[in-house]
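Student: There's a structure below that I have some questions on.
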Amino acid sequence: MLCPLKSNAAYHDEFNKLTVVTERSGFVGENGVVIAWCPTRKVMQKLHGRQNIVVLVEWPSERSNAWAKLMGAYNVVTGEVMSTGLSEAGLKALEGIVSEGCNGWHDSIAEILTTAHLEELAALGEYDRAIVLEYAAQHRGETSIQRLEKILDRYERGLAAV
């Protein structure tokens, strides 16, 4: 079981019987079934690059949905493999955003270049805030993501003003 805090496993007696991996402790093995209970970004980072079957035990939030699309998760309800629908150029723009965040999006140059990549995504019709944030969260720390969110807020305010 993968959850933010060990106490989250106490939510249900069956959860309490499982091995619990939290934000701060434990590691997720390969090729197993993982129950992710109300996962945070930090918790979901523990699954990045792992070959697991993940079962989300919650109504999917926008964040969880974006993560599932990026991972190509199989949706048992719809019977479909989820996808971001990003083109090669869109994926390259996402990679550019993450690249600009190598120092945590802390300066004006990073913001200008990140905004240019966001405009590329928008021109392709592929801008999705949740996808951008979740993709970046797989490569950068939480503090950096908070700075990226502020850049996205300013970018979206600019779109609304136009």
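Within each chain, counting starts at residue 1; across the structure tokens, chains are named A, B, ... in the order shown, with ligands numbered 1 upward in that order.
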Write out as a VMD selection string all residues of segment 67-142 of chain A that DSSP puts in alpha helix (DSSP H) for this structure's backbone.

Tutor: chain A and resid 67 to 71 88 to 100 108 to 124 129 to 137 142

Student: Only N, CA and C atoms, please: the residues just picked out, written as a short mmCIF file (atom, residue, chain, number, x, y, z; two decimals), in the first residue's frame.

Tutor:
```cif
data_model
loop_
_atom_site.label_atom_id
_atom_site.label_comp_id
_atom_site.auth_asym_id
_atom_site.auth_seq_id
_atom_site.Cartn_x
_atom_site.Cartn_y
_atom_site.Cartn_z
N TRP A 67 -1.57 11.80 -14.03
CA TRP A 67 -0.52 10.80 -13.80
C TRP A 67 -0.83 9.53 -14.60
N ALA A 68 -2.09 9.09 -14.55
CA ALA A 68 -2.49 7.87 -15.25
C ALA A 68 -2.31 8.02 -16.77
N LYS A 69 -2.62 9.19 -17.31
CA LYS A 69 -2.43 9.43 -18.74
C LYS A 69 -0.95 9.38 -19.10
N LEU A 70 -0.12 10.00 -18.27
CA LEU A 70 1.32 10.00 -18.54
C LEU A 70 1.93 8.60 -18.46
N MET A 71 1.39 7.77 -17.59
CA MET A 71 1.92 6.43 -17.41
C MET A 71 1.33 5.43 -18.40
N GLU A 88 4.65 14.41 -30.88
CA GLU A 88 6.10 14.45 -30.63
C GLU A 88 6.54 15.85 -30.23
N ALA A 89 5.98 16.86 -30.92
CA ALA A 89 6.32 18.26 -30.61
C ALA A 89 5.81 18.65 -29.22
N GLY A 90 4.66 18.14 -28.85
CA GLY A 90 4.11 18.43 -27.52
C GLY A 90 4.96 17.82 -26.42
N LEU A 91 5.40 16.58 -26.63
CA LEU A 91 6.28 15.93 -25.67
C LEU A 91 7.61 16.67 -25.56
N LYS A 92 8.11 17.14 -26.69
CA LYS A 92 9.36 17.91 -26.69
C LYS A 92 9.18 19.21 -25.89
N ALA A 93 8.03 19.85 -26.03
CA ALA A 93 7.77 21.08 -25.26
C ALA A 93 7.72 20.78 -23.76
N LEU A 94 7.09 19.66 -23.38
CA LEU A 94 7.08 19.26 -21.96
C LEU A 94 8.50 19.03 -21.45
N GLU A 95 9.30 18.35 -22.24
CA GLU A 95 10.69 18.11 -21.85
C GLU A 95 11.44 19.42 -21.71
N GLY A 96 11.12 20.38 -22.58
CA GLY A 96 11.74 21.71 -22.48
C GLY A 96 11.36 22.42 -21.19
N ILE A 97 10.12 22.29 -20.79
CA ILE A 97 9.67 22.90 -19.53
C ILE A 97 10.46 22.32 -18.37
N VAL A 98 10.60 21.01 -18.33
CA VAL A 98 11.35 20.36 -17.26
C VAL A 98 12.82 20.77 -17.31
N SER A 99 13.36 20.88 -18.49
CA SER A 99 14.75 21.30 -18.64
C SER A 99 14.96 22.71 -18.08
N GLU A 100 14.02 23.60 -18.36
CA GLU A 100 14.13 24.97 -17.83
C GLU A 100 14.05 24.99 -16.31
N SER A 108 14.00 34.82 -13.90
CA SER A 108 13.14 35.33 -14.97
C SER A 108 13.43 34.67 -16.31
N ILE A 109 14.68 34.28 -16.55
CA ILE A 109 15.02 33.62 -17.81
C ILE A 109 14.29 32.28 -17.91
N ALA A 110 14.29 31.51 -16.81
CA ALA A 110 13.58 30.22 -16.81
C ALA A 110 12.09 30.44 -17.05
N GLU A 111 11.54 31.50 -16.48
CA GLU A 111 10.11 31.78 -16.68
C GLU A 111 9.82 32.14 -18.13
N ILE A 112 10.66 32.96 -18.73
CA ILE A 112 10.46 33.35 -20.14
C ILE A 112 10.53 32.13 -21.06
N LEU A 113 11.54 31.29 -20.85
CA LEU A 113 11.69 30.11 -21.70
C LEU A 113 10.59 29.08 -21.45
N THR A 114 10.18 28.94 -20.19
CA THR A 114 9.08 28.03 -19.86
C THR A 114 7.79 28.51 -20.52
N THR A 115 7.54 29.81 -20.46
CA THR A 115 6.35 30.39 -21.09
C THR A 115 6.37 30.14 -22.60
N ALA A 116 7.54 30.20 -23.21
CA ALA A 116 7.64 29.92 -24.65
C ALA A 116 7.23 28.47 -24.94
N HIS A 117 7.64 27.55 -24.08
CA HIS A 117 7.24 26.14 -24.25
C HIS A 117 5.74 25.97 -24.03
N LEU A 118 5.18 26.70 -23.07
CA LEU A 118 3.73 26.64 -22.84
C LEU A 118 2.98 27.15 -24.07
N GLU A 119 3.51 28.20 -24.69
CA GLU A 119 2.88 28.73 -25.90
C GLU A 119 2.95 27.72 -27.05
N GLU A 120 4.06 26.96 -27.11
CA GLU A 120 4.16 25.90 -28.12
C GLU A 120 3.06 24.86 -27.90
N LEU A 121 2.88 24.46 -26.65
CA LEU A 121 1.82 23.49 -26.33
C LEU A 121 0.45 24.03 -26.71
N ALA A 122 0.21 25.30 -26.36
CA ALA A 122 -1.09 25.92 -26.67
C ALA A 122 -1.31 26.00 -28.18
N ALA A 123 -0.27 26.33 -28.93
CA ALA A 123 -0.39 26.43 -30.40
C ALA A 123 -0.72 25.07 -31.00
N LEU A 124 -0.24 24.01 -30.36
CA LEU A 124 -0.54 22.65 -30.83
C LEU A 124 -1.92 22.18 -30.36
N ARG A 129 -2.83 21.95 -18.03
CA ARG A 129 -2.12 22.31 -16.80
C ARG A 129 -1.76 21.08 -15.97
N ALA A 130 -2.72 20.19 -15.79
CA ALA A 130 -2.48 19.01 -14.95
C ALA A 130 -1.38 18.13 -15.53
N ILE A 131 -1.36 17.96 -16.84
CA ILE A 131 -0.32 17.15 -17.49
C ILE A 131 1.04 17.81 -17.30
N VAL A 132 1.11 19.12 -17.50
CA VAL A 132 2.38 19.84 -17.33
C VAL A 132 2.90 19.66 -15.91
N LEU A 133 2.03 19.86 -14.93
CA LEU A 133 2.46 19.76 -13.53
C LEU A 133 2.86 18.34 -13.16
N GLU A 134 2.10 17.38 -13.61
CA GLU A 134 2.41 15.99 -13.24
C GLU A 134 3.68 15.51 -13.93
N TYR A 135 3.87 15.90 -15.18
CA TYR A 135 5.11 15.52 -15.88
C TYR A 135 6.31 16.14 -15.16
N ALA A 136 6.19 17.41 -14.81
CA ALA A 136 7.29 18.08 -14.11
C ALA A 136 7.53 17.46 -12.74
N ALA A 137 6.47 17.05 -12.06
CA ALA A 137 6.60 16.45 -10.72
C ALA A 137 7.36 15.13 -10.76
N GLU A 142 9.14 19.09 -5.00
CA GLU A 142 7.88 19.77 -4.67
C GLU A 142 8.02 21.29 -4.61
#
```

Student: Please report, as a VMD selection string, each residue of segment 36-156 of chain A to which DSSP assigns strand (DSSP E) when run on this structure's backbone.

Tutor: chain A and resid 36 53 to 56 74 to 75 80 to 81

Student: Just want the 8 Å neighbourhood of segment 25-29 of chain A, counted on only C-alpha atoms, with same-chain residues fewer than 3 positions away dropped. Output as a list in words.

Tutor: Val20, Val21, Thr22, Gly32, Lys46, Leu47, Arg50 and Asn52 of chain A

Student: Just write the chosen residues, C-alpha atoms, as a PDB file, in the first residue's frame.

Tutor:
```
ATOM      1  CA  VAL A  20       2.869   0.321   3.886  1.00  0.00           C
ATOM      2  CA  VAL A  21       5.134   2.630   1.897  1.00  0.00           C
ATOM      3  CA  THR A  22       4.850   6.328   2.734  1.00  0.00           C
ATOM      4  CA  GLY A  32       3.543  -6.066  -7.862  1.00  0.00           C
ATOM      5  CA  LYS A  46       8.006   6.453  -5.638  1.00  0.00           C
ATOM      6  CA  LEU A  47       6.330   4.663  -8.568  1.00  0.00           C
ATOM      7  CA  ARG A  50       8.663   1.006 -11.655  1.00  0.00           C
ATOM      8  CA  ASN A  52       3.786  -2.111 -11.274  1.00  0.00           C
TER       9      ASN A  52
END
```

Student: Measuring atom to atom with only C-alpha atoms, identify which of A:Tyr11, A:Val54, A:Arg157, A:Cys102 is nearest to Tyr74 of chain A.

Tutor: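 Nearest to Tyr74 of chain A: A:Val54.
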
Student: For Ala36 of chain A, which residue among A:Ile53, A:Val76, A:Ile145, A:Ala10 is the nearest when counting only C-alpha atoms?

Tutor: A:Ile53

Student: Measure the distance from atom CA of Cys3 of chain A to atom CA of Glu23 of chain A in Å and round it to one decimal.

Tutor: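 That distance, rounded to one decimal, is 7.2 Å.
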
Student: Just to confirm, what's the straight-line distance from atom CA of Glu80 of chain A to atom CA of Pro39 of chain A in Å (one decimal)?

Tutor: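 These atoms are spaced 22.3 Å apart.
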
Student: For Ser144 of chain A, which of A:Leu18, A:Gly104, A:Thr84, A:Glu62 is the closest residue, counting only C-alpha atoms?

Tutor: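 Residue with the minimum atom-to-atom distance to Ser144 of chain A: A:Gly104.
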
Student: Can you measure atom CA of Ser83 of chain A to atom CA of Met44 of chain A for me? One decimal in Å is fine.

Tutor: 17.6 Å

Student: Looking at A:Arg63, A:Arg24, A:His12, A:His106, which one is nearest to Gln146 of chain A, with distances taken over only C-alpha atoms?

Tutor: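 Closest to Gln146 of chain A, using only C-alpha atoms: A:His106.
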
Student: For Glu156 of chain A, which of A:Asp128, A:Val81, A:Thr143, A:Val43 is the closest residue, counting only C-alpha atoms?

Tutor: A:Asp128
